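Chemist: Here you go, protein_5.cif (mmCIF, C-alpha atoms):
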data_model
#
loop_
_atom_site.label_atom_id
_atom_site.label_comp_id
_atom_site.auth_asym_id
_atom_site.auth_seq_id
_atom_site.Cartn_x
_atom_site.Cartn_y
_atom_site.Cartn_z
CA MET A 28 -62.21 122.63 342.93
CA ALA A 29 -63.42 126.14 343.61
CA ILE A 30 -62.14 129.09 341.61
CA VAL A 31 -59.33 130.66 343.65
CA HIS A 32 -58.10 134.25 343.51
CA ALA A 33 -54.31 134.30 343.64
CA THR A 34 -51.92 136.83 345.12
CA ARG A 35 -48.18 137.02 344.50
CA ASP A 36 -47.71 135.11 347.78
CA THR A 37 -50.09 132.25 346.96
CA PHE A 38 -49.66 131.96 343.18
CA ASP A 39 -46.78 129.47 342.96
CA SER A 40 -48.29 126.99 345.40
CA LEU A 41 -51.68 127.19 343.66
CA VAL A 42 -50.23 126.15 340.29
CA SER A 43 -47.68 123.64 341.60
CA GLU A 44 -49.68 120.42 341.09
CA GLY A 45 -51.97 118.87 338.51
CA VAL A 46 -53.69 120.70 335.70
CA CYS A 47 -54.33 124.37 336.36
CA LEU A 48 -55.83 127.21 334.36
CA VAL A 49 -54.69 130.75 335.21
CA ASP A 50 -56.90 133.65 334.12
CA PHE A 51 -55.42 137.15 334.14
CA TRP A 52 -58.39 139.52 334.26
CA ALA A 53 -59.75 142.83 335.54
CA PRO A 54 -63.26 143.80 336.65
CA TRP A 55 -63.55 146.61 334.06
CA CYS A 56 -62.75 144.30 331.10
CA GLY A 57 -65.83 143.13 329.14
CA PRO A 58 -64.21 140.12 327.40
CA CYS A 59 -62.83 139.04 330.81
CA ARG A 60 -66.41 138.77 332.07
CA MET A 61 -67.26 136.43 329.20
CA VAL A 62 -64.28 134.22 330.05
CA GLY A 63 -65.28 134.48 333.72
CA ILE A 64 -68.74 133.02 332.96
CA ALA A 65 -67.12 130.18 330.98
CA LEU A 66 -64.86 129.45 333.96
CA GLU A 67 -67.85 129.45 336.33
CA GLU A 68 -69.37 126.71 334.14
CA LEU A 69 -66.13 124.72 334.03
CA GLU A 70 -65.61 124.96 337.78
CA ASP A 71 -68.38 122.44 338.47
CA GLU A 72 -67.93 120.46 335.29
CA LEU A 73 -64.21 119.81 335.88
CA PRO A 74 -63.66 119.92 339.64
CA PHE A 75 -60.34 118.15 339.14
CA VAL A 76 -58.88 121.21 337.36
CA SER A 77 -57.61 124.15 339.44
CA ILE A 78 -58.86 127.49 338.21
CA VAL A 79 -56.77 130.41 339.43
CA LYS A 80 -57.74 134.02 338.75
CA VAL A 81 -55.30 136.91 338.91
CA ASN A 82 -56.75 140.42 339.03
CA VAL A 83 -54.09 142.44 337.17
CA ASP A 84 -55.10 145.66 338.93
CA GLU A 85 -54.51 144.13 342.33
CA GLU A 86 -51.51 141.99 341.36
CA PRO A 87 -49.41 144.08 338.94
CA GLU A 88 -46.24 142.19 339.88
CA LEU A 89 -47.75 138.90 338.72
CA ALA A 90 -48.96 140.55 335.51
CA GLU A 91 -45.47 141.90 334.90
CA ARG A 92 -43.88 138.54 335.63
CA PHE A 93 -46.00 137.01 332.86
CA ASP A 94 -45.59 139.95 330.47
CA VAL A 95 -49.36 140.31 330.33
CA ASN A 96 -49.92 142.82 327.51
CA GLY A 97 -53.66 142.48 327.29
CA ILE A 98 -56.52 140.77 329.07
CA PRO A 99 -58.06 138.29 329.29
CA ASP A 100 -54.94 136.16 329.11
CA LEU A 101 -55.04 132.44 329.91
CA TYR A 102 -52.09 130.27 330.95
CA TYR A 103 -52.41 126.49 331.16
CA TYR A 104 -50.19 124.77 333.72
CA LYS A 105 -49.34 121.14 334.30
CA ASP A 106 -47.47 120.20 337.48
CA GLY A 107 -46.14 123.71 337.99
CA LYS A 108 -45.03 124.38 334.42
CA VAL A 109 -46.66 126.55 331.76
CA VAL A 110 -47.71 124.35 328.86
CA THR A 111 -49.87 126.66 326.76
CA HIS A 112 -50.61 130.37 326.62
CA CYS A 113 -53.79 131.69 324.98
CA PRO A 114 -54.23 135.46 324.97
CA GLY A 115 -57.66 136.94 324.28
CA SER A 116 -61.24 135.93 324.89
CA VAL A 117 -61.94 132.26 324.21
CA PRO A 118 -65.19 130.29 324.43
CA ALA A 119 -65.72 127.49 326.98
CA ASP A 120 -65.43 124.80 324.26
CA GLU A 121 -61.96 125.95 323.32
CA ILE A 122 -60.88 125.96 326.97
CA ARG A 123 -62.28 122.41 327.36
CA GLU A 124 -60.28 121.32 324.31
CA GLN A 125 -57.02 122.70 325.71
CA LEU A 126 -57.68 121.17 329.14
CA ALA A 127 -58.45 117.77 327.60
CA LYS A 128 -55.00 117.79 325.94
CA LEU A 129 -53.37 118.35 329.33
CA LEU A 130 -55.53 115.96 331.32
CA TYR A 131 -55.52 113.00 328.95
CA MET B 13 -53.95 149.97 294.56
CA ARG B 14 -51.55 148.15 292.25
CA SER B 15 -52.45 144.57 293.23
CA LYS B 16 -54.93 143.10 290.76
CA ILE B 17 -57.23 140.16 290.22
CA THR B 18 -56.41 138.59 286.84
CA LYS B 19 -58.92 135.72 286.87
CA LEU B 20 -62.17 136.17 288.76
CA ALA B 21 -63.93 133.12 290.20
CA ASP B 22 -67.72 133.40 290.61
CA TYR B 23 -68.36 133.57 294.35
CA ARG B 24 -71.85 132.11 293.74
CA GLN B 25 -70.21 128.80 292.86
CA ALA B 26 -68.89 128.39 296.43
CA ALA B 27 -70.61 125.73 298.53
CA LEU B 28 -72.90 127.10 301.23
CA PRO B 29 -74.40 125.29 304.21
CA ARG B 30 -77.98 124.19 303.51
CA GLU B 31 -79.18 125.70 306.77
CA ILE B 32 -77.91 127.51 309.81
CA ASP B 33 -79.62 126.36 312.99
CA LEU B 34 -79.59 129.08 315.63
CA ARG B 35 -81.88 127.36 318.14
CA CYS B 36 -80.47 127.18 321.64
CA PRO B 37 -80.29 123.56 322.90
CA GLN B 38 -82.03 122.84 326.22
CA GLU B 39 -78.72 121.50 327.55
CA VAL B 40 -77.18 124.98 327.18
CA VAL B 41 -80.12 126.57 329.01
CA GLU B 42 -79.79 124.05 331.84
CA LYS B 43 -76.05 124.66 332.21
CA LYS B 44 -76.63 128.39 332.41
CA LEU B 45 -79.48 127.97 334.92
CA ARG B 46 -77.05 126.20 337.26
CA LEU B 47 -75.02 129.39 337.50
CA LEU B 48 -77.96 131.03 339.32
CA THR B 49 -77.88 128.63 342.24
CA LYS B 50 -74.24 127.56 342.40
CA GLY B 51 -73.99 128.97 345.92
CA GLY B 52 -76.46 126.37 347.24
CA LYS B 53 -75.08 123.35 345.41
CA THR B 54 -74.44 120.03 347.13
CA THR B 55 -72.48 116.95 346.07
CA VAL B 56 -73.69 113.36 346.47
CA THR B 57 -72.46 109.91 345.49
CA PRO B 58 -74.91 108.61 342.86
CA GLU B 59 -76.41 105.09 342.96
CA THR B 60 -75.49 104.65 339.31
CA VAL B 61 -73.44 106.87 337.03
CA GLU B 62 -75.20 109.29 334.67
CA LYS B 63 -73.98 111.82 332.13
CA GLY B 64 -72.65 114.90 333.90
CA ASP B 65 -71.32 112.95 336.90
CA VAL B 66 -67.63 113.18 337.72
CA VAL B 67 -65.92 109.81 338.21
CA THR B 68 -62.43 108.59 338.99
CA LEU B 69 -61.40 105.52 337.03
CA ALA B 70 -58.63 102.96 337.22
CA LEU B 71 -57.76 101.80 333.71
CA GLU B 72 -55.73 98.89 332.38
CA SER B 73 -54.91 98.36 328.72
CA THR B 74 -52.02 98.12 326.27
CA LEU B 75 -52.32 101.82 325.40
CA PRO B 76 -50.56 104.20 327.83
CA ARG B 77 -53.43 106.66 327.41
CA PHE B 78 -55.80 104.03 328.86
CA ASN B 79 -53.44 102.56 331.42
CA ARG B 80 -53.70 104.83 334.44
CA PRO B 81 -54.37 104.19 338.14
CA ALA B 82 -56.65 107.20 338.71
CA VAL B 83 -58.08 109.34 335.96
CA PRO B 84 -60.87 111.89 336.58
CA VAL B 85 -63.57 112.14 333.92
CA ASN B 86 -66.72 114.20 333.46
CA VAL B 87 -69.02 111.54 332.01
CA GLY B 88 -70.49 112.53 328.65
CA SER B 89 -68.27 115.57 328.17
CA GLY B 90 -66.44 113.74 325.37
CA MET B 91 -63.16 115.13 326.67
CA TYR B 92 -61.58 111.73 327.34
CA ASN B 93 -63.11 109.09 325.09
CA PRO B 94 -66.75 108.99 323.96
CA GLU B 95 -67.05 105.16 323.84
CA LEU B 96 -65.58 104.78 327.30
CA GLU B 97 -67.72 107.59 328.69
CA ASP B 98 -70.90 106.10 327.18
CA ALA B 99 -70.05 102.73 328.72
CA LEU B 100 -69.91 104.32 332.18
CA VAL B 101 -73.59 105.26 332.21
CA GLY B 102 -75.50 102.95 334.60
CA ARG B 103 -72.35 101.64 336.35
CA LYS B 104 -71.86 101.63 340.12
CA VAL B 105 -68.87 102.64 342.23
CA GLY B 106 -66.60 99.59 342.61
CA GLU B 107 -67.83 97.98 339.40
CA THR B 108 -65.26 96.65 336.91
CA PHE B 109 -65.97 96.08 333.22
CA THR B 110 -64.19 95.95 329.86
CA VAL B 111 -64.89 98.30 326.97
CA GLU B 112 -63.37 98.72 323.52
CA ALA B 113 -61.80 102.18 323.14
CA GLU B 114 -59.62 103.23 320.19
CA ASN B 115 -59.70 99.58 319.07
CA VAL B 116 -58.18 98.14 322.24
CA PRO B 117 -59.92 96.45 325.17
CA VAL B 118 -59.75 98.59 328.30
CA ARG B 119 -60.47 97.20 331.77
CA VAL B 120 -62.22 99.91 333.75
CA THR B 121 -62.89 100.14 337.49
CA VAL B 122 -65.10 102.93 338.78
CA LYS B 123 -63.24 104.09 341.88
CA SER B 124 -65.49 107.00 342.84
CA ALA B 125 -68.38 109.05 341.50
CA SER B 126 -69.92 112.35 342.45
CA ARG B 127 -72.90 114.33 341.30
CA THR B 128 -73.50 118.03 341.88
CA LEU B 129 -77.08 118.99 342.71
CA TYR B 130 -78.36 122.52 342.32
CA PRO B 131 -81.38 124.08 344.02
CA ALA B 132 -84.23 125.06 341.68
CA PRO B 133 -83.62 128.55 340.26
CA THR B 134 -85.82 131.33 341.62
CA ASP B 135 -86.69 134.78 340.33
CA GLU B 136 -84.72 136.26 343.24
CA ALA B 137 -81.63 134.24 342.27
CA ALA B 138 -81.98 135.33 338.63
CA ALA B 139 -82.27 139.02 339.60
CA ALA B 140 -79.31 138.76 341.99
CA TYR B 141 -77.15 137.06 339.36
CA ALA B 142 -78.06 139.64 336.71
CA LYS B 143 -77.37 142.64 338.93
CA GLY B 144 -74.44 144.66 337.59
CA ARG B 145 -73.85 142.38 334.59
CA ASP B 146 -73.69 144.04 331.18
CA GLY B 147 -76.63 143.27 328.92
CA MET B 148 -78.65 141.73 331.75
CA GLU B 149 -80.25 144.94 333.03
CA ASP B 150 -83.77 143.70 332.12
CA VAL B 151 -83.38 140.29 333.76
CA LYS B 152 -85.67 140.19 336.80
CA THR B 153 -87.04 136.62 336.65
CA VAL B 154 -85.96 133.12 335.63
CA ALA B 155 -88.02 133.51 332.45
CA ASP B 156 -86.17 136.75 331.60
CA TYR B 157 -82.88 134.98 332.24
CA VAL B 158 -83.78 132.04 329.99
CA GLU B 159 -84.77 134.48 327.26
CA TYR B 160 -81.43 136.30 327.71
CA VAL B 161 -79.49 133.01 327.53
CA LYS B 162 -81.27 131.96 324.33
CA LYS B 163 -80.78 135.35 322.67
CA ASP B 164 -77.13 135.49 323.69
CA TYR B 165 -76.56 131.98 322.33
CA GLN B 166 -78.29 132.86 319.06
CA GLU B 167 -76.22 136.01 318.58
CA ASP B 168 -72.98 134.12 319.23
CA ARG B 169 -73.99 131.28 316.97
CA ARG B 170 -75.18 133.56 314.20
CA LEU B 171 -71.85 135.38 314.22
CA SER B 172 -69.88 132.16 314.31
CA GLU B 173 -71.89 130.28 311.64
CA MET B 174 -72.19 133.31 309.39
CA GLY B 175 -68.45 133.86 309.79
CA LYS B 176 -67.79 130.28 308.69
CA ALA B 177 -70.04 130.65 305.65
CA VAL B 178 -68.58 134.03 304.63
CA ASN B 179 -65.01 132.79 305.10
CA GLY B 180 -65.87 129.66 303.11
CA VAL B 181 -66.95 131.81 300.17
CA LEU B 182 -63.79 133.91 300.40
CA GLU B 183 -61.59 130.82 300.62
CA PHE B 184 -63.27 129.50 297.46
CA VAL B 185 -62.72 132.83 295.72
CA PHE B 186 -59.06 133.01 296.76
CA ALA B 187 -58.42 129.41 295.71
CA ASN B 188 -60.09 129.73 292.32
CA SER B 189 -59.13 133.24 291.26
CA GLU B 190 -55.73 134.44 290.14
CA PHE B 191 -54.05 137.50 291.58
CA ASP B 192 -51.15 139.68 290.61
CA LEU B 193 -50.07 140.97 294.00
CA ASP B 194 -47.77 143.94 294.04
CA GLU B 195 -44.58 143.17 296.00
CA GLY B 196 -44.28 146.78 297.18
CA GLU B 197 -47.83 146.76 298.58
CA LEU B 198 -47.22 143.40 300.19
CA GLN B 199 -44.02 144.63 301.88
CA ALA B 200 -45.76 147.83 303.02
CA ALA B 201 -48.59 145.79 304.56
CA LEU B 202 -46.10 143.49 306.30
CA ASP B 203 -44.08 146.45 307.60
CA ARG B 204 -47.28 147.90 309.02
CA GLU B 205 -48.08 144.62 310.80
CA LEU B 206 -44.56 144.39 312.20
CA ASP B 207 -44.86 147.96 313.47
CA PHE B 208 -48.04 146.93 315.30
CA ALA B 209 -46.13 144.00 316.83
CA ARG B 210 -43.27 146.33 317.87
CA ARG B 211 -45.74 148.78 319.42
CA ASP B 212 -47.56 146.01 321.34
CA ALA B 213 -44.24 144.62 322.55
CA ALA B 214 -43.11 148.08 323.65
CA GLU B 215 -46.31 148.48 325.67
CA GLY B 216 -45.21 145.36 327.54
CA LYS B 217 -41.70 146.85 327.94
CA MET B 218 -40.21 144.45 325.39
CA ASP B 219 -38.26 144.94 322.19
CA TYR B 220 -39.84 142.84 319.44
CA ASP B 221 -36.67 142.77 317.33
CA THR B 222 -34.48 141.32 320.10
CA MET B 223 -37.01 138.99 321.78
CA SER B 224 -35.85 135.46 322.59
CA ASP B 225 -37.76 132.47 321.18
CA GLU B 226 -39.42 131.93 324.55
CA GLU B 227 -40.50 135.58 324.68
CA ILE B 228 -41.81 135.31 321.12
CA ARG B 229 -43.78 132.21 322.10
CA ARG B 230 -45.34 133.93 325.08
CA PHE B 231 -45.95 137.18 323.21
CA THR B 232 -47.47 135.73 320.05
CA GLY B 233 -48.66 132.26 321.03
CA MET B 234 -46.73 130.95 317.98
CA ASP B 235 -43.84 128.50 318.14
CA SER B 236 -41.23 130.78 316.58
CA ARG B 237 -40.59 134.22 315.10
CA ALA B 238 -40.54 132.65 311.62
CA ASP B 239 -43.99 131.09 312.19
CA PHE B 240 -45.38 134.37 313.50
CA GLU B 241 -44.03 136.42 310.59
CA GLU B 242 -45.23 133.82 308.07
CA MET B 243 -48.70 134.12 309.61
CA LEU B 244 -48.51 137.91 309.20
CA ARG B 245 -47.37 137.50 305.58
CA ARG B 246 -50.31 135.17 304.84
CA GLY B 247 -52.68 137.68 306.40
CA CYS B 248 -51.24 140.50 304.29
CA ARG B 249 -51.56 138.44 301.10
CA ASP B 250 -55.19 137.64 301.98
CA GLU B 251 -55.88 141.30 302.69
CA LEU B 252 -54.59 142.35 299.27
CA LYS B 253 -56.60 139.57 297.61
CA ARG B 254 -59.68 140.64 299.52
CA TYR B 255 -59.13 144.24 298.39
CA ALA B 256 -58.71 143.23 294.76
CA TRP B 257 -61.82 141.04 294.91
CA ALA B 258 -63.94 143.65 296.70
CA GLN B 259 -63.02 146.31 294.17
CA ALA B 260 -63.83 143.96 291.28
CA VAL B 261 -67.14 142.66 292.63
CA ILE B 262 -68.53 145.20 295.12
CA GLY B 263 -67.10 148.33 293.52
CA PRO B 264 -64.37 150.89 294.13
CA GLU B 265 -63.61 151.98 297.67
CA PRO B 266 -65.55 155.21 298.38
CA GLU B 267 -63.39 158.26 298.88
CA ASP B 268 -64.86 158.84 302.34
CA ALA B 269 -64.55 155.16 303.36
CA GLU B 270 -63.67 154.48 306.96
CA GLU B 271 -60.56 152.53 307.91
CA GLY B 272 -61.13 148.80 307.41
CA TRP B 273 -63.61 149.39 304.58
CA VAL B 274 -62.54 146.20 302.83
CA TYR B 275 -63.57 144.09 305.84
CA SER B 276 -66.94 145.72 306.46
CA ALA B 277 -67.75 145.84 302.74
CA THR B 278 -66.98 142.15 302.10
CA TRP B 279 -68.77 141.11 305.30
CA ASP B 280 -71.93 143.12 304.51
CA PHE B 281 -71.99 141.92 300.90
CA LEU B 282 -71.43 138.24 301.66
CA GLU B 283 -73.60 138.18 304.80
CA LYS B 284 -76.49 139.45 302.66
CA TYR B 285 -75.74 136.81 300.01
CA VAL B 286 -75.56 133.99 302.58
CA THR B 287 -78.74 135.17 304.36
CA GLU B 288 -80.63 135.15 301.05
CA ASN B 289 -79.42 131.70 300.09
CA VAL B 290 -79.33 129.70 303.31
CA THR B 291 -82.26 128.63 305.48
CA ILE B 292 -81.83 130.25 308.89
CA ILE B 293 -83.68 128.36 311.64
CA ASP B 294 -84.28 130.43 314.77
#
Take the structure in this file and express it as structure tokens.
Modeler:
Amino acid sequence: MAIVHATRDTFDSLVSEGVCLVDFWAPWCGPCRMVGIALEELEDELPFVSIVKVNVDEEPELAERFDVNGIPDLYYYKDGKVVTHCPGSVPADEIREQLAKLLY
Amino acid sequence: MRSKITKLADYRQAALPREIDLRCPQEVVEKKLRLLTKGGKTTVTPETVEKGDVVTLALESTLPRFNRPAVPVNVGSGMYNPELEDALVGRKVGETFTVEAENVPVRVTVKSASRTLYPAPTDEAAAAYAKGRDGMEDVKTVADYVEYVKKDYQEDRRLSEMGKAVNGVLEFVFANSEFDLDEGELQAALDRELDFARRDAAEGKMDYDTMSDEEIRRFTGMDSRADFEEMLRRGCRDELKRYAWAQAVIGPEPEDAEEGWVYSATWDFLEKYVTENVTIID
């Protein structure tokens, strides 16, 4: 599944089914770029996981809804519900580990 | 500083890794090369399954984990089950077989398989990918990019492996020394940490002291306020121990020391010790 950029209008439907990883980010944030590269790798490796990116500058209402205090900030969803929240920059291996728990 | 070390363990007795291997595996280079040509990728159904393919499986067994009508797996990723994933290599779509996984027989049917193919990377693709990315200003060719990937991997790995070794030494020291920690200093350190938490919460328009459990969970990533504050307390105890140890072994804190001296001093001291005593392969 391709990486999708969410807006406040599309967000809920994008995370409503299956396993989904939401990345709150901003273009000026260095650690967000590192997470972004990890997500680019995972996009092809795990096409059965939805990867949803939320640019906090463009979608402040979504950032406020999730009380995003710092970025990057990752939320893991399963069937529309938040299961895990991992603030801060995390390597691809750690993201894989979290996703494996939700998938299997 | 009133906290003291009353019995000093010799940090040189801590176990160190024999070697730290910083070489970048070819697999990592290949994964990173795919990022250059993602735009031109295509997907095909493979004749037989190989590592890296994505398959959908139907599974039957006595374990719920392996009793599912359609489960997607990246073969060889190790995310699902290594034995089962290994047994998929060489299979065809439609094939059914039985494999032992977690000590139970699992009947597996390969329902679908797909493989992503990437065009060969070019210098143009490498330069385009690098444009505007921090640290990649000198990347103009595929060779430059590969060099960047290897260097980046080595830096990350060095930091991570050195961190493990340094923390291992400190854990040994903390476990084998005895400390007389001053309660007043401990409380002051904890109050400082809680003030940081209150400030961070306020930045997010929240009040740390009145947060609900759910808000605490989302704010801290910990299960409860008690867990979060216990983690802070442990960190404060470790900081005082680190201070006491650093002053005993490295020397007194210089008068003009910058904030966080204890962390940079212990890191520099132990990184030097580890580097001198461990074989670094790069």
Chemist: Translate the PyMOL selection byres ((chain B and resi 29-35) around 12) into a concrete residue list for this structure, as a ChimeraX atom specification.
Modeler: /B:26-28,36-41,159,161-178,180-181,286-294
Chemist: Under the PyMOL selection byres ((chain A) within 7 of (chain B)), which residues of this model are included? Write them out as a VMD selection string.
Modeler: chain A and resid 72 to 73 75 94 96 112 to 113 127 131
Chemist: Going by the chain IDs and residue numbers used in this file, which residues fall under the PyMOL selection byres ((chain B and resi 244-251) around 9)? Write them as a ChimeraX atom specification.
Modeler: /B:186,193,198-199,201-202,205-206,239-243,252-256,274-275
Chemist: Pick out the residues sitting within 12 Å of A:Lys105, and hand them over as a list in words; count all atoms listed in the file, and ignore anything fewer than 4 positions along from it in its own chain.
Modeler: Leu41, Val42, Ser43, Glu44, Gly45, Val46, Cys47, Leu48, Val49, Val76, Ser77, Val109, Val110, Thr111, Gln125, Leu126, Ala127, Lys128, Leu129, Leu130 and Tyr131 of chain A
Chemist: Of the candidates B:Ala21, B:Met148, B:Leu71, B:Ala140, which one gets nearest to B:Phe109 if we count all atoms listed in the file?
Modeler: B:Leu71
Chemist: Could you jot down the atom CA of B:Glu72 to atom CA of B:Arg119 separation for me, Å, one decimal place?
Modeler: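 Result for atom CA of B:Glu72 versus atom CA of B:Arg119: 5.1 Å, one decimal.
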Chemist: Please report the interatomic distance between atom CA of B:Val111 and atom CA of B:Leu96 in Å with one decimal.
Modeler: 6.5 Å
Chemist: Expressed in Å to a single decimal, how great is the separation between atom CA of B:Ser126 and atom CA of B:Thr55?
Modeler: 6.4 Å
Chemist: Taking all atoms listed in the file into account, name the residue in B:Met13, B:Leu182, B:Leu282, B:Ala187 that is nearest to B:Ala200.
Modeler: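 For B:Ala200, the nearest of the given residues is B:Met13.
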Chemist: Counting all atoms listed in the file, figure out which residue out of A:Asn82, A:Gly115, A:Val31, A:Glu121 gets nearest to A:Phe51.
Modeler: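 Once distances to A:Phe51 are computed over all atoms listed in the file, the minimum belongs to A:Asn82.
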Chemist: What box, with edges along x, y and z, holds each listed atom of stretch 214-221 of chain B when 4 Å is added on every side, and can you state its centre and edge lengths in Å to one decimal, as AutoDock Vina command-line options?
Modeler:
--center_x -41.5 --center_y 145.6 --center_z 322.6 --size_x 17.6 --size_y 13.7 --size_z 18.6
Chemist: Please determine, counting only C-alpha atoms, which residue among A:Ile30, A:Ile78, A:Ile98, A:Leu89 has the shortest atom-to-atom distance to A:Cys56.
Modeler: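 Closest to A:Cys56, using only C-alpha atoms: A:Ile98.
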Chemist: Which is closer to A:Thr34 than all the others in A:Asp106, A:Asp100, A:Glu86, A:Glu91, using only C-alpha atoms?
Modeler: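 Nearest to A:Thr34: A:Glu86.
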Chemist: Could you write stretch 249-256 of chain B as a compact mmCIF listing (two decimals), in the coordinates of the input, with all heavy atoms rebuilt where they are missing?
Modeler:
# COMPACT_ATOMS: atom_id res chain seq x y z
N ARG B 249 -51.19 138.90 302.45
CA ARG B 249 -51.56 138.44 301.10
C ARG B 249 -53.08 138.35 300.97
O ARG B 249 -53.67 138.79 299.99
CB ARG B 249 -50.92 137.07 300.81
CG ARG B 249 -49.48 137.19 300.31
CD ARG B 249 -49.02 135.88 299.66
NE ARG B 249 -48.84 134.83 300.63
CZ ARG B 249 -47.68 134.54 301.22
NH1 ARG B 249 -46.59 135.24 300.93
NH2 ARG B 249 -47.59 133.58 302.10
N ASP B 250 -53.72 137.77 302.01
CA ASP B 250 -55.19 137.64 301.98
C ASP B 250 -55.87 139.00 301.96
O ASP B 250 -56.90 139.18 301.32
CB ASP B 250 -55.68 136.84 303.19
CG ASP B 250 -55.49 135.34 302.98
OD1 ASP B 250 -55.06 134.96 301.87
OD2 ASP B 250 -55.75 134.56 303.92
N GLU B 251 -55.27 139.97 302.67
CA GLU B 251 -55.88 141.30 302.69
C GLU B 251 -55.83 141.93 301.31
O GLU B 251 -56.82 142.51 300.84
CB GLU B 251 -55.16 142.18 303.71
CG GLU B 251 -55.84 143.53 303.87
CD GLU B 251 -55.15 144.41 304.90
OE1 GLU B 251 -55.45 144.27 306.08
OE2 GLU B 251 -54.29 145.22 304.49
N LEU B 252 -54.69 141.78 300.63
CA LEU B 252 -54.59 142.35 299.27
C LEU B 252 -55.54 141.64 298.31
O LEU B 252 -56.16 142.27 297.46
CB LEU B 252 -53.15 142.25 298.76
CG LEU B 252 -52.10 143.13 299.47
CD1 LEU B 252 -50.75 142.99 298.79
CD2 LEU B 252 -52.53 144.59 299.48
N LYS B 253 -55.66 140.32 298.47
CA LYS B 253 -56.60 139.57 297.61
C LYS B 253 -58.02 140.04 297.87
O LYS B 253 -58.83 140.22 296.96
CB LYS B 253 -56.49 138.07 297.90
CG LYS B 253 -55.21 137.43 297.39
CD LYS B 253 -55.18 135.97 297.77
CE LYS B 253 -53.88 135.31 297.35
NZ LYS B 253 -53.82 133.90 297.76
N ARG B 254 -58.33 140.21 299.17
CA ARG B 254 -59.68 140.64 299.52
C ARG B 254 -59.97 142.02 298.91
O ARG B 254 -61.05 142.26 298.38
CB ARG B 254 -59.76 140.72 301.05
CG ARG B 254 -61.14 140.94 301.61
CD ARG B 254 -61.05 141.20 303.09
NE ARG B 254 -61.00 139.97 303.87
CZ ARG B 254 -61.99 139.55 304.65
NH1 ARG B 254 -63.12 140.24 304.71
NH2 ARG B 254 -61.88 138.45 305.34
N TYR B 255 -58.97 142.90 298.96
CA TYR B 255 -59.13 144.24 298.39
C TYR B 255 -59.41 144.16 296.89
O TYR B 255 -60.33 144.79 296.36
CB TYR B 255 -57.84 145.05 298.61
CG TYR B 255 -58.09 146.33 299.36
CD1 TYR B 255 -57.68 146.45 300.68
CD2 TYR B 255 -58.74 147.39 298.76
CE1 TYR B 255 -57.93 147.62 301.39
CE2 TYR B 255 -58.98 148.56 299.45
CZ TYR B 255 -58.57 148.67 300.76
OH TYR B 255 -58.83 149.81 301.44
N ALA B 256 -58.57 143.34 296.22
CA ALA B 256 -58.71 143.23 294.76
C ALA B 256 -60.08 142.66 294.41
O ALA B 256 -60.76 143.14 293.49
CB ALA B 256 -57.59 142.35 294.21
